[in-house]
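Chemist: One structure coming up, written as structure tokens, with questions to follow.
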Amino acid sequence: VGSEMCIRDSVMTYILKQLSPGDGHDIYDMLQRIPADENGFINGAHGMDYPAFQAWLLKSDRSAKQTELEDGRRVPSTIFWLYVDGRPVGIGKLRHFLTDALRESGGHIGCAIAPEERGKRYGTVLLRALLDRAREMGINRALVTIRPENAASLKMALKNGGVIERSTPEHHYVTLDTSW
């Protein structure tokens with residue numbers, strides 16, 4: 001799995017970049033605009049000062065290289081940034097595998113788009129790119145859990161071939177074939 005992927009559609013070119021410990025102020029600034037809890041997507045860097053953000057990048061980079069549970073409970077994950085016209089517009093997290101708890105709340109993939117960039121199809125593009133990465137990691141069917149009030153994320157998952165497997169008052173459980 002390379003650290004950068006180019007995505008083209010009939011209108012634009014997007015770049016998906018894997019988190020790097022050297023990521024800078026453009027990423028930091030974007031993460032400060034995305035709320036700490038964005039419809040269930042946890043932005044762990046929101047509200048950090050810049051030195052804490054740099055430490056968070058190192059910790060996140062280490063997580064991407066893990067193969068087993070961290071601290072006996074946290075699943076390794078890889079973080080990606082979606083770039084449009086040379087600027088970051090979104091973040092995606094891809095968990096390498098799931099625990100029983102993550103099958104109930106969390107799933108394989110989570111993503112968020114900066115508030116000023118929403119409504120431009122970036123979330124749909126980001127999810128498709130994360131599904132491609134999941135396939136490269138050997139994940140054939142990815143699970144996303146979506147809160148019922150988050151209509152935009154549900155629409156994005158369904159546009160990417162997602163199937164609602166079940167729904168509860170807390171979540172829709174959507175599976176996506178990564179080879180779609």
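Every chain in the structure tokens has a letter given in the order shown (A, B, ...), and although residue numbers restart at 1 in each chain, ligands are simply numbered from 1 in the order shown.
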Apply DSSP to the backbone of this structure and, from chain A, keep only the residues in strand (DSSP E); write these as a PyMOL selection string.
Modeler: chain A and resi 4-8+13-18+37-38+41-42+77-84+87-95+109-113+141-146+163-167+172-177
Chemist: List as number ranges by chain the protein and nucleic acid residues near range 128-131 of chain A, meaning an atom at most 7 Å away when only C-alpha atoms are counted, but skip any in the same chain fewer than 2 places from it.
Modeler: A: 94, 124-126, 133-135, 160, 178
Chemist: Could you pull out the residues in chain A that DSSP calls alpha helix (DSSP H) from the backbone, as a PyMOL selection string?
Modeler: chain A and resi 25-33+50-65+100-104+122-136+151-159
Chemist: Counting only C-alpha atoms, which of A:Thr175, A:Ser77, A:Asn150, A:Thr13 gets nearest to Lys93 in chain A?
Modeler: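 For Lys93 in chain A, the nearest of the given residues is A:Ser77.
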Chemist: Quick one: everything within 10 Å of Gly86 in chain A, counting only C-alpha atoms, minus sequence neighbours fewer than 5 positions away in the same chain. Send it as a list of chain:residue names.
Modeler: A:Tyr14, A:Ile15, A:Asp26
Chemist: What would the file look like if the residues just selected were written as a compact mmCIF listing (two decimals), in the first residue's frame with N, CA and C atoms?
Modeler:
```
# COMPACT_ATOMS: atom_id res chain seq x y z
N TYR A 14 -8.27 14.16 -7.37
CA TYR A 14 -8.13 14.17 -5.92
C TYR A 14 -6.87 13.39 -5.56
N ILE A 15 -6.31 13.71 -4.42
CA ILE A 15 -5.16 12.96 -3.92
C ILE A 15 -5.50 12.45 -2.53
N ASP A 26 -1.16 22.77 7.38
CA ASP A 26 -2.39 22.65 6.59
C ASP A 26 -3.31 21.57 7.16
```
Chemist: Might you pull out every residue within 12 Å of Ala152 in chain A, with only C-alpha atoms counted and same-chain residues fewer than 2 positions away left off, and present them as a count of residues only?
Modeler: 22
Chemist: Let me make sure I understand: among A:Met137, A:Glu170, A:Asp37, A:Ala55, which one has the smallest atom-to-atom distance to Thr67 in chain A if we use only C-alpha atoms?
Modeler: A:Met137
Chemist: Hey, what's within 9 Å of Trp81 in chain A if we count only C-alpha atoms and toss same-chain stuff fewer than 5 positions away? As JSON, numbers by chain, please?
Modeler: {"A": [15, 16, 17, 18, 19, 27, 88, 89, 90, 91, 92, 126]}
Chemist: Neighbouring residues of Ala36 in chain A were defined as those with any atom within 12 Å, considering only C-alpha atoms; residues of the same chain fewer than 4 positions away were excluded. Please report them as a ChimeraX atom specification.
Modeler: /A:30-32,40-48,112,114
Chemist: Please identify all polymer residues within 10 Å of Thr99 in chain A, counting only C-alpha atoms, omitting same-chain residues fewer than 5 positions from it, and present them as a ChimeraX atom specification.
Modeler: /A:69,73-75,104-108
Chemist: Taking C-alpha atoms for each residue, export the selection above as a PDB file, in the first residue's frame.
Modeler:
```pdb
ATOM      1  CA  LEU A  69      -4.362  -4.759  19.432  1.00  0.00           C
ATOM      2  CA  ARG A  73      -7.886  -2.882  23.344  1.00  0.00           C
ATOM      3  CA  ARG A  74      -7.214  -0.434  20.491  1.00  0.00           C
ATOM      4  CA  VAL A  75      -7.301  -1.692  16.922  1.00  0.00           C
ATOM      5  CA  GLU A 104     -21.464  -2.598  17.133  1.00  0.00           C
ATOM      6  CA  SER A 105     -20.143   0.962  16.980  1.00  0.00           C
ATOM      7  CA  GLY A 106     -17.359   2.124  14.715  1.00  0.00           C
ATOM      8  CA  GLY A 107     -16.815  -0.307  11.873  1.00  0.00           C
ATOM      9  CA  HIS A 108     -13.813  -0.374   9.545  1.00  0.00           C
TER      10      HIS A 108
END
```
Chemist: Which one is closest to Glu70 in chain A: A:Arg8, A:His172, A:Arg141, A:His96? Count only C-alpha atoms.
Modeler: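 Nearest candidate to Glu70 in chain A out of A:Arg8, A:His172, A:Arg141, A:His96: A:His96.
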Chemist: Pick from A:Tyr28, A:Asp85, A:Pro21, A:Thr78: nearest to Leu58 in chain A, with only C-alpha atoms counted?
Modeler: A:Pro21
Chemist: Check the smallest atom-to-atom distance from each of A:Arg95, A:Glu68, A:Ala142, A:Glu165 to Asp177 in chain A using only C-alpha atoms, then report the winner.
Modeler: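 Residue with the minimum atom-to-atom distance to Asp177 in chain A: A:Ala142.
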Chemist: Which one of A:Ile7, A:Asn140, A:Pro115, A:Ala151 sits closest to Pro35 in chain A if you count only C-alpha atoms?
Modeler: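 Result for the nearest residue to Pro35 in chain A: A:Pro115.
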Chemist: Hey, can you check how far CA of Tyr50 in chain A sits from CA of Gly24 in chain A?
Modeler: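 These atoms are spaced 9.1 Å apart.
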